[in-house]
$ cat input_3.txt   # compact mmCIF, C-alpha atoms
# COMPACT_ATOMS: atom_id res chain seq x y z
CA MET A 748 -41.18 80.98 33.76
CA ASP A 749 -42.91 77.76 32.63
CA LEU A 750 -41.11 74.47 32.08
CA LYS A 751 -41.37 74.56 28.28
CA GLN A 752 -39.72 77.97 28.17
CA SER A 753 -36.97 76.84 30.59
CA VAL A 754 -36.17 73.87 28.35
CA LYS A 755 -36.08 76.11 25.27
CA GLU A 756 -33.72 78.59 26.94
CA ALA A 757 -31.41 75.83 28.21
CA ALA A 758 -31.27 74.35 24.70
CA ASN A 759 -30.44 77.77 23.25
CA THR A 760 -27.68 78.25 25.82
CA LEU A 761 -26.20 74.90 24.75
CA GLY A 762 -26.24 75.99 21.12
CA ILE A 763 -28.86 73.41 20.12
CA LYS A 764 -30.42 74.56 16.87
CA GLY A 765 -34.07 73.92 16.09
CA LYS A 766 -36.59 72.01 18.16
CA LEU A 767 -35.69 69.12 20.40
CA LYS A 768 -36.85 65.71 19.20
CA LYS A 769 -40.03 64.40 20.84
CA ASP A 770 -38.14 61.54 22.48
CA GLN A 771 -35.56 63.99 23.82
CA ALA A 772 -38.30 66.18 25.26
CA ARG A 773 -40.05 63.22 26.92
CA ALA A 774 -36.84 62.10 28.62
CA ILE A 775 -36.07 65.66 29.74
CA ASN A 776 -39.54 66.04 31.26
CA ASP A 777 -39.19 62.78 33.22
CA GLY A 778 -35.76 63.89 34.37
CA LEU A 779 -37.06 67.24 35.54
CA ASP A 780 -39.75 65.34 37.48
CA GLY A 781 -36.92 63.79 39.49
CA HIS A 782 -36.85 60.27 38.04
CA ASP A 783 -33.64 58.33 37.44
CA LEU A 784 -33.36 57.82 33.68
CA LEU A 785 -32.05 55.05 31.45
CA VAL A 786 -31.92 56.28 27.86
CA ILE A 787 -31.27 53.88 24.96
CA ALA A 788 -31.10 55.79 21.68
CA PRO A 789 -29.13 55.53 18.43
CA THR A 790 -25.80 57.16 17.75
CA SER A 791 -26.23 60.76 16.51
CA PHE A 792 -29.59 61.00 18.33
CA GLY A 793 -28.44 63.74 20.70
CA LYS A 794 -28.38 61.90 24.03
CA SER A 795 -25.99 64.42 25.59
CA ALA A 796 -28.55 67.18 25.11
CA ILE A 797 -30.93 65.33 27.46
CA PHE A 798 -28.74 65.47 30.55
CA GLN A 799 -27.19 68.83 29.67
CA VAL A 800 -30.59 70.54 29.46
CA ILE A 801 -31.66 68.92 32.74
CA ALA A 802 -28.39 70.01 34.39
CA LEU A 803 -28.81 73.64 33.37
CA ILE A 804 -32.40 73.77 34.64
CA LYS A 805 -31.91 71.81 37.87
CA ARG A 806 -28.80 73.85 38.71
CA GLY A 807 -26.12 72.67 41.13
CA LEU A 808 -23.25 70.26 40.44
CA THR A 809 -23.59 67.63 37.72
CA ILE A 810 -20.92 64.92 37.49
CA VAL A 811 -20.61 63.27 34.07
CA VAL A 812 -18.76 59.94 33.92
CA VAL A 813 -17.37 59.10 30.47
CA PRO A 814 -15.29 56.10 29.36
CA THR A 815 -12.36 57.76 27.59
CA LEU A 816 -10.25 60.89 27.84
CA SER A 817 -10.91 61.53 24.14
CA LEU A 818 -14.63 61.74 24.78
CA LEU A 819 -14.07 63.80 27.94
CA HIS A 820 -11.98 66.44 26.17
CA ASP A 821 -14.27 66.46 23.12
CA GLN A 822 -17.39 67.20 25.18
CA VAL A 823 -15.65 69.71 27.46
CA GLU A 824 -14.29 71.65 24.47
CA GLN A 825 -17.72 71.72 22.80
CA LEU A 826 -19.35 73.08 25.95
CA GLN A 827 -16.60 75.65 26.46
CA GLN A 828 -17.33 77.00 22.97
CA SER A 829 -20.88 77.72 24.16
CA ASP A 830 -19.55 79.41 27.33
CA ILE A 831 -20.99 76.66 29.54
CA SER A 832 -19.70 76.31 33.12
CA VAL A 833 -17.71 73.08 32.72
CA GLY A 834 -14.63 71.43 34.24
CA PHE A 835 -12.96 68.04 34.28
CA CYS A 836 -10.99 65.64 36.43
CA SER A 837 -8.80 62.99 34.82
CA SER A 838 -6.10 60.69 36.13
CA ASP A 839 -3.42 63.39 36.02
CA VAL A 840 -5.38 66.66 35.95
CA LEU A 841 -8.01 68.21 38.21
CA SER A 842 -9.03 71.42 36.47
CA TRP A 843 -11.29 72.44 39.36
CA ASP A 844 -10.66 72.05 43.08
CA GLU A 845 -13.49 72.47 45.59
CA SER A 846 -13.10 76.26 45.82
CA ASP A 847 -13.17 76.56 42.01
CA MET A 848 -16.33 74.46 41.90
CA GLN A 849 -18.00 76.66 44.49
CA SER A 850 -16.98 79.83 42.63
CA ALA A 851 -18.50 78.48 39.39
CA LEU A 852 -21.69 77.49 41.21
CA ASP A 853 -21.92 80.95 42.78
CA GLN A 854 -21.41 82.64 39.40
CA TYR A 855 -23.43 80.41 37.07
CA GLY A 856 -25.64 78.45 39.44
CA TYR A 857 -24.53 75.20 37.85
CA LEU A 858 -21.39 73.24 36.90
CA LEU A 859 -20.89 70.21 34.68
CA LEU A 860 -17.83 68.28 35.86
CA TYR A 861 -16.57 65.55 33.53
CA THR A 862 -14.52 62.63 34.79
CA THR A 863 -13.74 58.95 34.25
CA PRO A 864 -14.74 56.07 36.55
CA GLU A 865 -11.15 55.76 37.80
CA SER A 866 -11.05 59.44 38.84
CA LEU A 867 -14.50 59.60 40.42
CA TRP A 868 -13.31 59.01 43.98
CA LYS A 869 -10.63 61.71 43.62
CA LEU A 870 -13.21 64.50 43.50
CA GLU A 871 -13.20 66.87 46.48
CA LEU A 872 -16.87 67.16 47.41
CA SER A 873 -16.99 67.50 51.18
CA ASP A 874 -19.14 70.66 51.15
CA ILE A 875 -20.75 70.50 47.70
CA PRO A 876 -23.84 68.33 47.15
CA VAL A 877 -24.15 66.51 43.82
CA SER A 878 -27.41 67.32 42.06
CA LEU A 879 -27.04 64.94 39.12
CA LEU A 880 -24.73 62.04 38.27
CA VAL A 881 -24.60 60.98 34.63
CA VAL A 882 -23.04 57.80 33.23
CA ASP A 883 -22.54 58.34 29.50
CA GLU A 884 -21.95 55.25 27.33
CA CYS A 885 -23.31 53.20 30.23
CA HIS A 886 -23.00 49.91 28.34
CA CYS A 887 -19.37 50.06 29.50
CA VAL A 888 -20.59 49.24 33.03
CA THR A 889 -21.29 45.66 32.00
CA SER A 890 -19.01 45.26 28.97
CA TRP A 891 -15.86 46.66 30.65
CA GLY A 892 -16.63 46.58 34.38
CA TYR A 893 -16.06 42.84 34.74
CA GLY A 894 -12.76 43.02 32.89
CA PHE A 895 -10.15 45.76 32.62
CA ARG A 896 -12.27 48.68 33.99
CA LYS A 897 -13.35 47.50 37.46
CA ALA A 898 -13.95 51.12 38.50
CA TYR A 899 -17.25 50.95 36.58
CA LEU A 900 -18.54 48.50 39.18
CA GLU A 901 -17.78 51.01 41.96
CA ILE A 902 -19.95 53.86 40.66
CA GLY A 903 -22.97 52.64 42.64
CA ASP A 904 -20.88 52.61 45.83
CA PHE A 905 -19.76 56.17 45.07
CA VAL A 906 -23.42 57.23 44.80
CA ASP A 907 -24.16 55.62 48.17
CA SER A 908 -21.17 57.37 49.77
CA LEU A 909 -22.53 60.85 49.07
CA SER A 910 -24.26 62.71 51.89
CA ARG A 911 -27.27 63.32 49.65
CA ARG A 912 -28.23 60.91 46.89
CA PRO A 913 -28.12 62.55 43.45
CA GLN A 914 -30.46 61.85 40.59
CA LEU A 915 -28.94 59.35 38.13
CA ILE A 916 -29.03 59.36 34.35
CA ALA A 917 -27.48 56.56 32.27
CA LEU A 918 -27.28 56.74 28.47
CA THR A 919 -26.09 54.50 25.65
CA ALA A 920 -26.86 53.39 22.12
CA THR A 921 -26.27 49.74 22.91
CA ALA A 922 -27.84 47.86 25.79
CA PRO A 923 -29.82 44.62 25.34
CA MET A 924 -32.69 43.97 27.75
CA ALA A 925 -30.65 41.74 30.09
CA ASP A 926 -27.87 44.34 30.28
CA ARG A 927 -30.33 47.15 31.08
CA GLU A 928 -31.43 45.45 34.28
CA GLN A 929 -27.84 44.79 35.27
CA ILE A 930 -26.82 48.40 34.56
CA LYS A 931 -29.62 49.70 36.78
CA GLN A 932 -28.62 47.34 39.61
CA LEU A 933 -24.90 48.05 39.40
CA LEU A 934 -25.43 51.82 39.38
CA HIS A 935 -27.91 51.57 42.28
CA MET A 936 -30.59 53.37 40.28
CA LYS A 937 -34.08 53.87 41.76
CA HIS A 938 -37.55 54.68 40.38
CA VAL A 939 -36.14 54.45 36.87
CA LYS A 940 -37.92 55.71 33.77
CA GLU A 941 -36.65 53.97 30.64
CA HIS A 942 -36.66 55.72 27.29
CA VAL A 943 -35.90 53.37 24.40
CA VAL A 944 -35.71 54.79 20.87
CA SER A 945 -35.46 52.72 17.69
CA LEU A 946 -31.82 52.11 16.79
CA TYR A 947 -32.52 51.91 13.05
CA ARG A 948 -30.26 54.17 10.94
CA PRO A 949 -31.82 54.11 7.44
CA LYS A 950 -29.02 56.04 5.70
CA LEU A 951 -26.29 53.60 6.70
CA THR A 952 -25.61 50.71 4.30
CA PHE A 953 -23.89 47.57 5.55
CA SER A 954 -21.83 44.95 3.73
CA SER A 955 -19.29 42.27 4.64
CA TYR A 956 -16.51 40.34 2.92
CA SER A 957 -14.82 37.13 4.03
CA PHE A 958 -11.21 36.37 3.08
CA VAL A 959 -9.05 33.28 3.16
CA SER A 960 -5.75 35.15 2.96
CA GLU A 961 -4.43 38.34 4.51
CA GLU A 962 -3.16 39.44 1.11
CA ALA A 963 -6.70 39.37 -0.29
CA ARG A 964 -8.03 41.38 2.65
CA GLN A 965 -5.35 44.03 2.16
CA LYS A 966 -6.13 44.21 -1.55
CA LYS A 967 -9.81 44.85 -0.79
CA LEU A 968 -8.88 47.51 1.75
CA LYS A 969 -6.74 49.30 -0.85
CA HIS A 970 -9.63 49.23 -3.34
CA LEU A 971 -12.10 50.64 -0.81
CA LEU A 972 -9.77 53.45 0.23
CA LYS A 973 -8.95 54.33 -3.38
CA ARG A 974 -12.65 54.74 -4.10
CA HIS A 975 -13.18 56.76 -0.90
CA MET A 976 -10.24 59.11 -1.45
CA LYS A 977 -11.18 59.64 -5.10
CA SER A 978 -14.69 60.71 -4.08
CA GLY A 979 -13.30 63.49 -1.90
CA ASP A 980 -16.28 62.99 0.39
CA GLY A 981 -15.65 63.06 4.13
CA SER A 982 -13.58 60.89 6.41
CA CYS A 983 -12.99 57.19 7.06
CA ILE A 984 -12.38 55.23 10.27
CA ILE A 985 -10.77 51.78 10.11
CA TYR A 986 -11.29 49.71 13.25
CA CYS A 987 -8.87 46.93 14.19
CA ASN A 988 -9.35 44.53 17.10
CA THR A 989 -5.72 44.57 18.34
CA LYS A 990 -2.90 47.09 18.60
CA LYS A 991 -0.77 44.83 16.41
CA HIS A 992 -3.36 44.83 13.63
CA ALA A 993 -3.77 48.61 13.96
CA ASP A 994 -0.02 49.16 13.56
CA THR A 995 0.14 46.81 10.57
CA VAL A 996 -2.80 48.47 8.81
CA TYR A 997 -1.49 51.96 9.60
CA ASP A 998 1.96 51.17 8.19
CA LEU A 999 0.34 49.70 5.08
CA ILE A 1000 -1.89 52.73 4.43
CA LYS A 1001 1.07 55.09 4.93
CA THR A 1002 2.58 53.58 1.77
CA TRP A 1003 -0.58 54.52 -0.13
CA TYR A 1004 -1.64 57.82 1.46
CA PRO A 1005 1.27 59.03 3.65
CA ASP A 1006 -0.20 62.48 4.31
CA GLN A 1007 -3.78 61.40 4.93
CA VAL A 1008 -3.66 58.71 7.63
CA ALA A 1009 -3.45 58.89 11.43
CA ILE A 1010 -3.58 56.26 14.18
CA CYS A 1011 -5.22 56.15 17.60
CA ARG A 1012 -4.69 53.23 19.95
CA SER A 1013 -3.70 52.58 23.55
CA ASN A 1014 -0.05 52.93 24.55
CA LEU A 1015 0.55 55.78 22.13
CA PRO A 1016 2.31 58.72 23.81
CA ASN A 1017 -0.38 61.11 25.02
CA LYS A 1018 0.84 64.06 22.92
CA GLU A 1019 0.95 61.94 19.76
CA ARG A 1020 -2.54 60.55 20.38
CA LYS A 1021 -4.01 64.02 20.93
CA ARG A 1022 -2.20 65.39 17.87
CA ASN A 1023 -3.57 62.56 15.72
CA GLU A 1024 -7.12 62.97 17.03
CA LYS A 1025 -7.08 66.73 16.38
CA ALA A 1026 -5.71 66.24 12.86
CA PHE A 1027 -8.55 63.83 12.09
CA MET A 1028 -11.27 65.94 13.70
CA ARG A 1029 -10.10 69.03 11.80
CA GLY A 1030 -10.01 67.18 8.48
CA GLU A 1031 -6.23 67.40 8.12
CA ARG A 1032 -6.19 63.59 7.96
CA ARG A 1033 -9.07 61.82 6.23
CA ILE A 1034 -8.27 58.29 7.41
CA MET A 1035 -8.09 57.17 11.05
CA VAL A 1036 -6.84 53.69 11.98
CA ALA A 1037 -8.02 52.87 15.49
CA THR A 1038 -8.84 50.29 18.10
CA SER A 1039 -12.21 50.03 19.80
CA ALA A 1040 -12.01 52.91 22.30
CA PHE A 1041 -11.62 55.59 19.62
CA GLY A 1042 -14.79 57.21 18.42
CA MET A 1043 -17.04 56.40 21.36
CA GLY A 1044 -19.18 59.52 21.53
CA ILE A 1045 -16.86 61.45 19.21
CA ASN A 1046 -18.96 63.92 17.25
CA LYS A 1047 -17.43 64.13 13.78
CA SER A 1048 -20.22 64.74 11.34
CA ASP A 1049 -18.65 63.86 7.99
CA VAL A 1050 -17.57 60.22 8.46
CA ARG A 1051 -18.71 58.55 5.24
CA LEU A 1052 -16.96 55.20 5.54
CA ILE A 1053 -16.43 52.81 8.44
CA ILE A 1054 -14.26 49.78 7.76
CA HIS A 1055 -13.92 47.00 10.30
CA TYR A 1056 -10.67 45.31 9.35
CA ASN A 1057 -11.42 42.53 11.82
CA LEU A 1058 -14.52 40.86 13.20
CA PRO A 1059 -15.68 42.96 16.21
CA LEU A 1060 -15.94 41.26 19.59
CA SER A 1061 -19.73 41.69 19.76
CA LEU A 1062 -22.73 43.18 17.98
CA ILE A 1063 -22.74 45.90 20.64
CA ASP A 1064 -19.18 46.88 19.71
CA TYR A 1065 -20.04 46.73 16.02
CA TYR A 1066 -23.12 48.95 16.29
CA GLN A 1067 -21.31 51.44 18.52
CA GLN A 1068 -18.41 51.78 16.10
CA ALA A 1069 -20.47 51.73 12.90
CA GLY A 1070 -22.61 54.44 14.46
CA ARG A 1071 -19.77 56.95 14.01
CA ALA A 1072 -20.82 57.15 10.36
CA GLY A 1073 -23.28 59.64 8.93
CA ARG A 1074 -23.82 61.69 12.08
CA ASP A 1075 -24.88 64.64 9.94
CA GLY A 1076 -27.81 62.63 8.57
CA GLY A 1077 -26.09 61.90 5.27
CA LYS A 1078 -25.53 58.54 3.62
CA ALA A 1079 -22.56 56.42 4.72
CA ARG A 1080 -21.18 52.91 4.28
CA CYS A 1081 -20.14 50.38 6.93
CA ILE A 1082 -17.99 47.54 5.61
CA LEU A 1083 -16.72 44.48 7.48
CA LEU A 1084 -13.59 42.61 6.32
CA TYR A 1085 -12.88 39.39 8.20
CA ASN A 1086 -11.40 35.92 8.13
CA LYS A 1087 -11.42 32.82 10.33
CA SER A 1088 -8.49 33.99 12.47
CA ASP A 1089 -10.69 36.85 13.74
CA TYR A 1090 -13.33 34.37 14.86
CA ASP A 1091 -10.77 32.20 16.67
CA LEU A 1092 -9.29 35.20 18.52
CA ASN A 1093 -12.69 36.58 19.53
CA ARG A 1094 -13.91 33.20 20.73
CA TYR A 1095 -10.86 32.91 22.99
CA VAL A 1096 -11.38 36.42 24.43
CA ILE A 1097 -15.10 35.79 25.06
CA GLU A 1098 -14.49 32.44 26.74
CA GLN A 1099 -11.91 34.02 29.05
CA ASN A 1100 -14.31 36.83 29.94
CA GLN A 1101 -17.21 34.44 30.59
CA GLU A 1102 -15.05 32.39 32.97
CA PHE A 1103 -14.08 35.58 34.81
CA ARG A 1104 -17.73 36.65 35.10
CA ALA A 1105 -18.81 33.25 36.40
CA LEU A 1106 -16.03 33.23 39.00
CA ASP A 1107 -16.78 36.80 40.06
CA TYR A 1108 -20.50 36.00 40.43
CA PHE A 1109 -19.75 32.84 42.45
CA ILE A 1110 -17.44 34.70 44.85
CA SER A 1111 -19.89 37.59 45.28
CA SER A 1112 -22.79 35.21 45.94
CA SER A 1113 -20.75 33.27 48.48
CA LEU A 1114 -19.96 36.42 50.44
CA ASP A 1115 -23.57 37.67 50.63
$ encode --input "input_3.txt" --output "structure tokens"
Amino acid sequence: MDLKQSVKEAANTLGIKGKLKKDQARAINDGLDGHDLLVIAPTSFGKSAIFQVIALIKRGLTIVVVPTLSLLHDQVEQLQQSDISVGFCSSDVLSWDESDMQSALDQYGYLLLYTTPESLWKLELSDIPVSLLVVDECHCVTSWGYGFRKAYLEIGDFVDSLSRRPQLIALTATAPMADREQIKQLLHMKHVKEHVVSLYRPKLTFSSYSFVSEEARQKKLKHLLKRHMKSGDGSCIIYCNTKKHADTVYDLIKTWYPDQVAICRSNLPNKERKRNEKAFMRGERRIMVATSAFGMGINKSDVRLIIHYNLPLSLIDYYQQAGRAGRDGGKARCILLYNKSDYDLNRYVIEQNQEFRALDYFISSSLD
């Protein structure tokens, strides 16, 4: 069987309809040639299809590192619907031990095992070589690794600890040039082929509004939601930059649309968070109030409105979150509501993070 036919059959197995995009096919071909890959492509492009097709053709064990449990469960459930050999390991659950992995490899010839950076070292792999290691949403390596997710900085060490080095694939929609080099170094990537696709999303419209008072911002939010709910068209995600803001906005919207709003933020009980996510994904709730982690990689096609209730921490965060809109190729709006207090808070957070980075770099350099 020739390579083109193998790619087509793998895509069919994954339930991918129609032809692969040219940029997808180019990245897949380089991956099948054995190169490490760094893929920068817009949200809704279909980055997951690149490593999934490669994994099915190369066979063996593929480990996929994702940033959130929401994304982990979303991708695992999608693959299970296509009868793909897939498992996961999270902080409290290992769905496959080493014997289960070997059984799946014997039956299917391949296994995609999803995990988070914190659970990577928990995998039992003494007798099973890793064919492919994928870091999805790899911008988190630099944006989170130096702060509250240090495990991202240990992925490269994990790769070096394996008896046989796997091929590496890193993917994201948001990585400036300086960050790309750092991502490659931190993940210990070699002989890397970069695939960079234009991030332009022509069917997304962007607008912003500045407010002096909180009352005025809330009034604008009410107007935007009234228009959205009246249209009956799709879903809305409202991003807030703190848990406190998320709770305030959620409580406010409950007075307007009590049966149509859900919330997703850290420190929610796990069952409540999952229940809220499912209600939103199924269309039982049309409005989701969330903090930054929600939506990363979440594949909900009918999001027609993204509202940032606060100024995002960075352009990378903003693009990543706004990119949840219009994933079906339809038109969507992205609206930013902000005031000076957002700027002051973000400046403080950034200054703290920069000081931490500088100190970390100084200590590391001194020890070399």
$ axis_aligned_box --input "input_3.txt" --around "stretch 1083-1099 of chain A" --padding-each-side "4 Å" --output "JSON"
{"center_x": -12.6, "center_y": 38.3, "center_z": 17.7, "size_x": 16.2, "size_y": 20.3, "size_z": 30.7}
$ residues_around --input "input_3.txt" --residues "stretch 1088-1094 of chain A" --least-positions-apart "6" --cutoff "10 Å" --atoms "only C-alpha atoms" --output "tab-separated table (two decimals) with C-alpha atoms, in the frame of the given file"
chain	number	residue	atom	x	y	z
A	959	VAL	CA	-9.05	33.28	3.16
A	960	SER	CA	-5.75	35.15	2.96
A	961	GLU	CA	-4.43	38.34	4.51
A	988	ASN	CA	-9.35	44.53	17.10
A	1056	TYR	CA	-10.67	45.31	9.35
A	1057	ASN	CA	-11.42	42.53	11.82
A	1058	LEU	CA	-14.52	40.86	13.20
A	1059	PRO	CA	-15.68	42.96	16.21
A	1060	LEU	CA	-15.94	41.26	19.59
A	1061	SER	CA	-19.73	41.69	19.76
A	1100	ASN	CA	-14.31	36.83	29.94
$ residues_around --input "input_3.txt" --residues "stretch 1012-1026 of chain A" --least-positions-apart "6" --cutoff "10 Å" --atoms "all atoms listed in the file" --output "MDAnalysis selection string"
chainID A and resid 816:817 820:821 987 989:991 993:994 1032:1042
$ atom_distance --input "input_3.txt" --atom1 "atom CA of A:Gly1077" --atom2 "atom CA of A:His975"
15.2 Å
$ closest_residue --input "input_3.txt" --among "A:Phe953, A:Tyr947, A:Phe1027, A:Tyr893" --to "A:Ser982" --atoms "all atoms listed in the file"
A:Phe1027
$ residues_around --input "input_3.txt" --residues "A:Ala851" --least-positions-apart "2" --cutoff "12 Å" --atoms "all atoms listed in the file" --output "list in words"
Arg806, Gly807, Leu808, Ile831, Ser832, Val833, Gly834, Trp843, Asp844, Glu845, Ser846, Asp847, Met848, Gln849, Asp853, Gln854, Tyr855, Gly856, Tyr857, Leu858, Leu859, Leu860 and Ile875 of chain A
$ write_last_selection --input "input_3.txt" --atoms "C-alpha atoms" --output "mmCIF file, in the coordinates of the input"
data_model
loop_
_atom_site.group_PDB
_atom_site.id
_atom_site.type_symbol
_atom_site.label_atom_id
_atom_site.label_comp_id
_atom_site.auth_asym_id
_atom_site.auth_seq_id
_atom_site.Cartn_x
_atom_site.Cartn_y
_atom_site.Cartn_z
ATOM 1 C CA ARG A 806 -28.800 73.850 38.710
ATOM 2 C CA GLY A 807 -26.120 72.670 41.130
ATOM 3 C CA LEU A 808 -23.250 70.260 40.440
ATOM 4 C CA ILE A 831 -20.990 76.660 29.540
ATOM 5 C CA SER A 832 -19.700 76.310 33.120
ATOM 6 C CA VAL A 833 -17.710 73.080 32.720
ATOM 7 C CA GLY A 834 -14.630 71.430 34.240
ATOM 8 C CA TRP A 843 -11.290 72.440 39.360
ATOM 9 C CA ASP A 844 -10.660 72.050 43.080
ATOM 10 C CA GLU A 845 -13.490 72.470 45.590
ATOM 11 C CA SER A 846 -13.100 76.260 45.820
ATOM 12 C CA ASP A 847 -13.170 76.560 42.010
ATOM 13 C CA MET A 848 -16.330 74.460 41.900
ATOM 14 C CA GLN A 849 -18.000 76.660 44.490
ATOM 15 C CA ASP A 853 -21.920 80.950 42.780
ATOM 16 C CA GLN A 854 -21.410 82.640 39.400
ATOM 17 C CA TYR A 855 -23.430 80.410 37.070
ATOM 18 C CA GLY A 856 -25.640 78.450 39.440
ATOM 19 C CA TYR A 857 -24.530 75.200 37.850
ATOM 20 C CA LEU A 858 -21.390 73.240 36.900
ATOM 21 C CA LEU A 859 -20.890 70.210 34.680
ATOM 22 C CA LEU A 860 -17.830 68.280 35.860
ATOM 23 C CA ILE A 875 -20.750 70.500 47.700
#
$ atom_distance --input "input_3.txt" --atom1 "atom CA of A:Ser829" --atom2 "atom CA of A:Ala757"
11.4 Å
$ closest_residue --input "input_3.txt" --among "A:Pro864, A:Asp780, A:Lys940, A:Cys885" --to "A:Asp904" --atoms "only C-alpha atoms"
A:Pro864
$ closest_residue --input "input_3.txt" --among "A:Val800, A:Leu933, A:Ile984, A:Leu999" --to "A:Asn759" --atoms "all atoms listed in the file"
A:Val800
$ closest_residue --input "input_3.txt" --among "A:Val1050, A:Met936, A:Leu951, A:Leu852" --to "A:His782" --atoms "all atoms listed in the file"
A:Met936
$ atom_distance --input "input_3.txt" --atom1 "atom CA of A:Leu934" --atom2 "atom CA of A:Ile902"
6.0 Å
$ decode --input "input_3.txt" --residues "stretch 827-841 of chain A" --atoms "N, CA and C atoms" --output "CSV table (one decimal), in the first residue's frame"
chain,number,residue,atom,x,y,z
A,827,GLN,N,-13.1,7.7,20.9
A,827,GLN,CA,-13.9,6.5,21.2
A,827,GLN,C,-15.1,6.3,20.3
A,828,GLN,N,-15.7,7.4,19.9
A,828,GLN,CA,-16.9,7.4,19.0
A,828,GLN,C,-16.5,6.8,17.7
A,829,SER,N,-15.2,7.0,17.3
A,829,SER,CA,-14.7,6.4,16.0
A,829,SER,C,-14.1,5.0,16.2
A,830,ASP,N,-14.2,4.5,17.4
A,830,ASP,CA,-13.7,3.2,17.7
A,830,ASP,C,-12.2,3.1,17.6
A,831,ILE,N,-11.5,4.2,18.0
A,831,ILE,CA,-10.1,4.3,18.0
A,831,ILE,C,-9.5,3.7,19.3
A,832,SER,N,-8.4,3.1,19.2
A,832,SER,CA,-7.7,2.5,20.4
A,832,SER,C,-7.1,3.7,21.2
A,833,VAL,N,-7.8,4.1,22.3
A,833,VAL,CA,-7.4,5.3,23.1
A,833,VAL,C,-7.6,5.1,24.6
A,834,GLY,N,-6.7,5.6,25.4
A,834,GLY,CA,-6.8,5.6,26.8
A,834,GLY,C,-6.4,6.9,27.4
A,835,PHE,N,-6.4,7.0,28.7
A,835,PHE,CA,-5.9,8.2,29.3
A,835,PHE,C,-5.4,8.0,30.7
A,836,CYS,N,-4.6,8.9,31.2
A,836,CYS,CA,-4.0,8.9,32.5
A,836,CYS,C,-4.1,10.3,33.1
A,837,SER,N,-4.9,10.5,34.1
A,837,SER,CA,-5.0,11.8,34.8
A,837,SER,C,-4.5,11.7,36.2
A,838,SER,N,-4.6,12.8,37.0
A,838,SER,CA,-4.1,12.8,38.3
A,838,SER,C,-4.7,11.7,39.2
A,839,ASP,N,-5.9,11.4,39.0
A,839,ASP,CA,-6.6,10.4,39.9
A,839,ASP,C,-7.0,9.1,39.2
A,840,VAL,N,-6.8,9.0,37.8
A,840,VAL,CA,-7.3,7.9,37.1
A,840,VAL,C,-6.3,7.4,36.1
A,841,LEU,N,-6.0,6.2,36.1
A,841,LEU,CA,-5.2,5.5,35.0
A,841,LEU,C,-6.1,4.5,34.4
